[in-house]
Structures are given as structure tokens and as C-alpha cells.
$ cat entry-v6.cif   # mmCIF, C-alpha atoms
data_coords
loop_
_atom_site.group_PDB
_atom_site.id
_atom_site.type_symbol
_atom_site.label_atom_id
_atom_site.label_comp_id
_atom_site.auth_asym_id
_atom_site.auth_seq_id
_atom_site.Cartn_x
_atom_site.Cartn_y
_atom_site.Cartn_z
ATOM 1 C CA MET A 25 221.885 108.719 43.158
ATOM 2 C CA THR A 26 218.996 109.756 40.902
ATOM 3 C CA GLU A 27 217.677 106.189 40.714
ATOM 4 C CA LYS A 28 217.591 106.007 44.516
ATOM 5 C CA ARG A 29 215.814 109.367 44.737
ATOM 6 C CA PHE A 30 213.296 108.181 42.158
ATOM 7 C CA THR A 31 212.680 104.912 44.023
ATOM 8 C CA ASP A 32 212.338 106.762 47.338
ATOM 9 C CA ALA A 33 209.876 109.202 45.762
ATOM 10 C CA LEU A 34 207.759 106.356 44.411
ATOM 11 C CA GLU A 35 207.747 104.714 47.847
ATOM 12 C CA LEU A 36 206.815 107.963 49.581
ATOM 13 C CA PHE A 37 203.863 108.452 47.248
ATOM 14 C CA ALA A 38 203.004 104.715 47.259
ATOM 15 C CA LEU A 39 202.951 104.694 43.466
ATOM 16 C CA SER A 40 204.255 102.313 40.868
ATOM 17 C CA GLN A 41 204.972 102.886 37.224
ATOM 18 C CA PRO A 42 203.178 103.833 35.113
ATOM 19 C CA PHE A 43 201.339 106.572 37.000
ATOM 20 C CA THR A 44 199.440 109.606 35.805
ATOM 21 C CA ARG A 45 199.765 113.209 36.843
ATOM 22 C CA GLU A 46 196.264 112.994 38.306
ATOM 23 C CA GLN A 47 197.256 110.081 40.570
ATOM 24 C CA LEU A 48 200.369 111.962 41.617
ATOM 25 C CA ASP A 49 198.377 115.088 42.482
ATOM 26 C CA GLN A 50 195.872 113.076 44.532
ATOM 27 C CA LYS A 51 198.637 111.378 46.512
ATOM 28 C CA ARG A 52 200.404 114.716 47.081
ATOM 29 C CA ASP A 53 197.229 116.331 48.390
ATOM 30 C CA ALA A 54 196.614 113.430 50.778
ATOM 31 C CA LEU A 55 200.203 113.463 52.051
ATOM 32 C CA LEU A 56 200.248 117.233 52.520
ATOM 33 C CA HIS A 57 196.973 117.044 54.423
ATOM 34 C CA THR A 58 198.425 114.380 56.705
ATOM 35 C CA TRP A 59 201.775 116.091 57.225
ATOM 36 C CA ASN A 60 200.656 119.731 57.374
ATOM 37 C CA PRO A 61 202.656 121.261 60.259
ATOM 38 C CA ALA A 62 199.674 123.365 61.352
ATOM 39 C CA ARG A 63 197.799 120.176 62.266
ATOM 40 C CA TYR A 64 200.128 119.773 65.230
ATOM 41 C CA ALA A 65 199.265 123.147 66.781
ATOM 42 C CA ASN A 66 196.685 121.678 69.193
ATOM 43 C CA LEU A 67 198.277 118.272 69.474
ATOM 44 C CA THR A 68 199.589 118.706 72.975
ATOM 45 C CA ASN A 69 200.089 121.185 75.770
ATOM 46 C CA HIS A 70 203.756 120.203 75.998
ATOM 47 C CA PRO A 71 205.845 122.647 73.945
ATOM 48 C CA LYS A 72 208.735 120.207 73.468
ATOM 49 C CA GLN A 73 206.474 117.491 72.077
ATOM 50 C CA TYR A 74 204.730 120.015 69.845
ATOM 51 C CA THR A 75 208.030 121.378 68.545
ATOM 52 C CA LYS A 76 209.294 117.886 67.771
ATOM 53 C CA ALA A 77 206.103 116.938 65.900
ATOM 54 C CA PHE A 78 206.048 120.290 64.098
ATOM 55 C CA ARG A 79 209.651 119.935 62.907
ATOM 56 C CA GLU A 80 209.060 116.362 61.794
ATOM 57 C CA ALA A 81 206.033 117.532 59.807
ATOM 58 C CA GLU A 82 208.063 120.367 58.251
ATOM 59 C CA ALA A 83 210.792 117.920 57.201
ATOM 60 C CA MET A 84 208.247 115.508 55.765
ATOM 61 C CA THR A 85 206.539 118.337 53.865
ATOM 62 C CA SER A 86 209.897 119.253 52.318
ATOM 63 C CA GLN A 87 210.450 115.633 51.291
ATOM 64 C CA ILE A 88 206.966 115.494 49.772
ATOM 65 C CA HIS A 89 207.610 118.627 47.711
ATOM 66 C CA ALA A 90 210.989 117.392 46.472
ATOM 67 C CA ALA A 91 209.577 113.981 45.542
ATOM 68 C CA TYR A 92 206.613 115.609 43.827
ATOM 69 C CA VAL A 93 208.842 117.788 41.653
ATOM 70 C CA LEU A 94 210.878 114.759 40.592
ATOM 71 C CA LEU A 95 207.855 112.591 39.806
ATOM 72 C CA ALA A 96 205.890 115.423 38.168
ATOM 73 C CA THR A 97 208.779 116.065 35.798
ATOM 74 C CA LEU A 98 208.763 112.421 34.793
ATOM 75 C CA ALA A 99 204.968 112.334 34.408
ATOM 76 C CA ASP A 100 205.011 115.498 32.276
ATOM 77 C CA GLU A 101 207.704 114.076 30.007
ATOM 78 C CA ARG A 102 205.679 110.901 29.491
ATOM 79 C CA GLU A 103 202.367 112.661 28.890
ATOM 80 C CA ALA A 104 203.728 115.380 26.608
ATOM 81 C CA PRO A 105 202.850 114.939 22.936
ATOM 82 C CA PRO A 106 205.839 114.244 20.707
ATOM 83 C CA SER A 107 207.370 117.368 19.255
ATOM 84 C CA PRO A 108 207.635 117.783 15.470
ATOM 85 C CA ALA A 109 211.440 117.678 15.772
ATOM 86 C CA ASP A 110 211.193 114.114 17.145
ATOM 87 C CA ALA A 111 209.301 112.944 14.046
ATOM 88 C CA VAL A 112 212.151 113.857 11.704
#

$ encode --input "entry-v6.cif" --output "C-alpha cells"
Amino acid sequence: MTEKRFTDALELFALSQPFTREQLDQKRDALLHTWNPARYANLTNHPKQYTKAFREAEAMTSQIHAAYVLLATLADEREAPPSPADAV
């Protein structure tokens, strides 16, 4: 299950390994700008269409945050300097 989540997160962010935290942050910012639910406020005068687009954007934003947490954890583990306990 975790491998699938990891693969899905990489696909969502259009990244491949190895990636840096900076690349991850840039992709997250771009995705959140694209999928910000507030962007759909003036999309249409039809409340049903607006509500559908707004909910889709909310769901996508949640997926982006979950994928970011997973990938950020991995990036932080890779970029962290080795602890003195690991040297022993």
C-alpha cells in the first residue's frame, strides 16, 4: 500500500527520484495555485457547476497535501546529515 501511495504521489507531483525538497516545494506551490478552491468562485453563474468544481478542487487540494507530507518526509530523511549514532 505504501509503495502505491509513494508512486501516486510522485505522479501527482510529476517528479522522479532523486528529487530535492526545493523541487518538491515548487511543484506543491504550482499545484496548489492551480487547484485552489477559491479560483472557482467566479467560474460560472451556475451554482451546481460551481459546487462540483469547488468540491473537486477541495479533494485535489487534500490529495496534494497528503502526497506532499509523504514526499517531504522522504526528502528530509535523504537530505538529513548522518547522526553520530549511525557512525558507530

$ resolve_selection --input "entry-v6.cif" --expression "the PyMOL selection byres ((chain A and resi 36) around 9)" --output "PyMOL selection string"
chain A and resi 31-35+37-39+55+87-88+91

$ closest_residue --input "entry-v6.cif" --among "A:Leu94, A:Ala65, A:Lys72, A:Ala99" --to "A:Thr26" --atoms "only C-alpha atoms"
A:Leu94

$ resolve_selection --input "entry-v6.cif" --expression "the PyMOL selection byres ((chain A and resi 44-48) around 8)" --output "list in words"
Phe37, Leu39, Pro42, Phe43, Asp49, Gln50, Lys51, Arg52, Tyr92, Leu95, Ala96, Ala99 and Asp100 of chain A

$ write_last_selection --input "entry-v6.cif" --atoms "C-alpha atoms" --output "JSON list (two decimals), in the coordinates of the input"
[["chain", "number", "residue", "atom", "x", "y", "z"],
["A", 37, "PHE", "CA", 203.86, 108.45, 47.25],
["A", 39, "LEU", "CA", 202.95, 104.69, 43.47],
["A", 42, "PRO", "CA", 203.18, 103.83, 35.11],
["A", 43, "PHE", "CA", 201.34, 106.57, 37.00],
["A", 49, "ASP", "CA", 198.38, 115.09, 42.48],
["A", 50, "GLN", "CA", 195.87, 113.08, 44.53],
["A", 51, "LYS", "CA", 198.64, 111.38, 46.51],
["A", 52, "ARG", "CA", 200.40, 114.72, 47.08],
["A", 92, "TYR", "CA", 206.61, 115.61, 43.83],
["A", 95, "LEU", "CA", 207.86, 112.59, 39.81],
["A", 96, "ALA", "CA", 205.89, 115.42, 38.17],
["A", 99, "ALA", "CA", 204.97, 112.33, 34.41],
["A", 100, "ASP", "CA", 205.01, 115.50, 32.28]]

$ closest_residue --input "entry-v6.cif" --among "A:Thr97, A:Lys28, A:Ser40, A:Lys76" --to "A:Tyr64" --atoms "only C-alpha atoms"
A:Lys76

$ atom_distance --input "entry-v6.cif" --atom1 "atom CA of A:His89" --atom2 "atom CA of A:His57"
12.7 Å

$ resolve_selection --input "entry-v6.cif" --expression "the PyMOL selection byres ((chain A and resi 62) around 12)" --output "VMD selection string"
chain A and resid 56 to 61 63 to 67 74 to 75 77 to 82 85

$ axis_aligned_box --input "entry-v6.cif" --around "stretch 54-73 of chain A" --padding-each-side "4 Å" --output "JSON"
{"center_x": 202.7, "center_y": 118.4, "center_z": 63.4, "size_x": 20.1, "size_y": 17.9, "size_z": 33.2}

$ decode --input "entry-v6.cif" --residues "stretch 43-82 of chain A" --atoms "N, CA and C atoms" --output "compact mmCIF listing (two decimals), in the first residue's frame"
# COMPACT_ATOMS: atom_id res chain seq x y z
N PHE A 43 14.81 13.59 -6.02
CA PHE A 43 14.29 14.95 -6.08
C PHE A 43 14.69 15.67 -4.80
N THR A 44 14.74 16.98 -4.89
CA THR A 44 15.13 17.78 -3.73
C THR A 44 13.89 18.38 -3.08
N ARG A 45 14.06 18.84 -1.88
CA ARG A 45 12.96 19.49 -1.17
C ARG A 45 12.54 20.77 -1.90
N GLU A 46 13.50 21.45 -2.50
CA GLU A 46 13.20 22.66 -3.25
C GLU A 46 12.30 22.35 -4.45
N GLN A 47 12.61 21.30 -5.19
CA GLN A 47 11.77 20.89 -6.32
C GLN A 47 10.37 20.53 -5.85
N LEU A 48 10.31 19.83 -4.74
CA LEU A 48 9.02 19.42 -4.19
C LEU A 48 8.19 20.64 -3.80
N ASP A 49 8.81 21.60 -3.15
CA ASP A 49 8.10 22.82 -2.75
C ASP A 49 7.60 23.60 -3.95
N GLN A 50 8.40 23.69 -5.00
CA GLN A 50 7.99 24.39 -6.21
C GLN A 50 6.78 23.72 -6.86
N LYS A 51 6.83 22.40 -6.95
CA LYS A 51 5.71 21.66 -7.55
C LYS A 51 4.44 21.82 -6.71
N ARG A 52 4.60 21.77 -5.37
CA ARG A 52 3.45 21.93 -4.48
C ARG A 52 2.81 23.30 -4.67
N ASP A 53 3.63 24.33 -4.71
CA ASP A 53 3.10 25.69 -4.89
C ASP A 53 2.34 25.82 -6.21
N ALA A 54 2.89 25.25 -7.27
CA ALA A 54 2.22 25.31 -8.57
C ALA A 54 0.89 24.55 -8.55
N LEU A 55 0.90 23.37 -7.95
CA LEU A 55 -0.34 22.57 -7.88
C LEU A 55 -1.39 23.25 -7.01
N LEU A 56 -0.98 23.81 -5.88
CA LEU A 56 -1.95 24.48 -5.02
C LEU A 56 -2.50 25.74 -5.68
N HIS A 57 -1.69 26.40 -6.47
CA HIS A 57 -2.20 27.57 -7.20
C HIS A 57 -3.25 27.13 -8.22
N THR A 58 -2.96 26.05 -8.91
CA THR A 58 -3.90 25.54 -9.92
C THR A 58 -5.19 25.03 -9.30
N TRP A 59 -5.08 24.32 -8.19
CA TRP A 59 -6.25 23.66 -7.60
C TRP A 59 -6.84 24.40 -6.39
N ASN A 60 -6.51 25.66 -6.20
CA ASN A 60 -7.07 26.42 -5.10
C ASN A 60 -8.58 26.55 -5.29
N PRO A 61 -9.37 26.06 -4.33
CA PRO A 61 -10.84 26.11 -4.50
C PRO A 61 -11.39 27.52 -4.71
N ALA A 62 -10.75 28.52 -4.18
CA ALA A 62 -11.23 29.90 -4.34
C ALA A 62 -11.17 30.37 -5.79
N ARG A 63 -10.34 29.75 -6.60
CA ARG A 63 -10.25 30.12 -8.01
C ARG A 63 -11.54 29.84 -8.76
N TYR A 64 -12.38 28.99 -8.22
CA TYR A 64 -13.61 28.61 -8.90
C TYR A 64 -14.79 29.47 -8.51
N ALA A 65 -14.56 30.49 -7.67
CA ALA A 65 -15.65 31.32 -7.18
C ALA A 65 -16.35 32.06 -8.33
N ASN A 66 -15.62 32.56 -9.29
CA ASN A 66 -16.21 33.31 -10.40
C ASN A 66 -16.22 32.51 -11.70
N LEU A 67 -16.10 31.22 -11.57
CA LEU A 67 -16.02 30.36 -12.75
C LEU A 67 -17.31 30.38 -13.56
N THR A 68 -18.42 30.36 -12.87
CA THR A 68 -19.70 30.23 -13.56
C THR A 68 -20.82 30.83 -12.73
N ASN A 69 -21.89 31.14 -13.37
CA ASN A 69 -23.08 31.64 -12.67
C ASN A 69 -24.01 30.50 -12.28
N HIS A 70 -23.63 29.28 -12.59
CA HIS A 70 -24.45 28.11 -12.29
C HIS A 70 -23.97 27.50 -10.98
N PRO A 71 -24.75 27.59 -9.92
CA PRO A 71 -24.31 27.09 -8.61
C PRO A 71 -23.93 25.61 -8.62
N LYS A 72 -24.62 24.78 -9.36
CA LYS A 72 -24.30 23.35 -9.36
C LYS A 72 -22.93 23.11 -9.99
N GLN A 73 -22.64 23.79 -11.08
CA GLN A 73 -21.33 23.63 -11.72
C GLN A 73 -20.23 24.16 -10.81
N TYR A 74 -20.49 25.28 -10.16
CA TYR A 74 -19.51 25.85 -9.24
C TYR A 74 -19.24 24.89 -8.09
N THR A 75 -20.31 24.36 -7.51
CA THR A 75 -20.16 23.44 -6.37
C THR A 75 -19.37 22.21 -6.77
N LYS A 76 -19.64 21.68 -7.94
CA LYS A 76 -18.91 20.50 -8.41
C LYS A 76 -17.42 20.82 -8.57
N ALA A 77 -17.11 21.93 -9.22
CA ALA A 77 -15.71 22.32 -9.43
C ALA A 77 -15.02 22.62 -8.09
N PHE A 78 -15.75 23.27 -7.19
CA PHE A 78 -15.20 23.61 -5.88
C PHE A 78 -14.87 22.35 -5.09
N ARG A 79 -15.78 21.39 -5.09
CA ARG A 79 -15.53 20.14 -4.35
C ARG A 79 -14.39 19.33 -4.97
N GLU A 80 -14.31 19.34 -6.28
CA GLU A 80 -13.20 18.64 -6.95
C GLU A 80 -11.88 19.30 -6.56
N ALA A 81 -11.86 20.62 -6.52
CA ALA A 81 -10.64 21.34 -6.13
C ALA A 81 -10.28 21.07 -4.67
N GLU A 82 -11.28 21.00 -3.81
CA GLU A 82 -11.02 20.67 -2.39
C GLU A 82 -10.42 19.28 -2.26
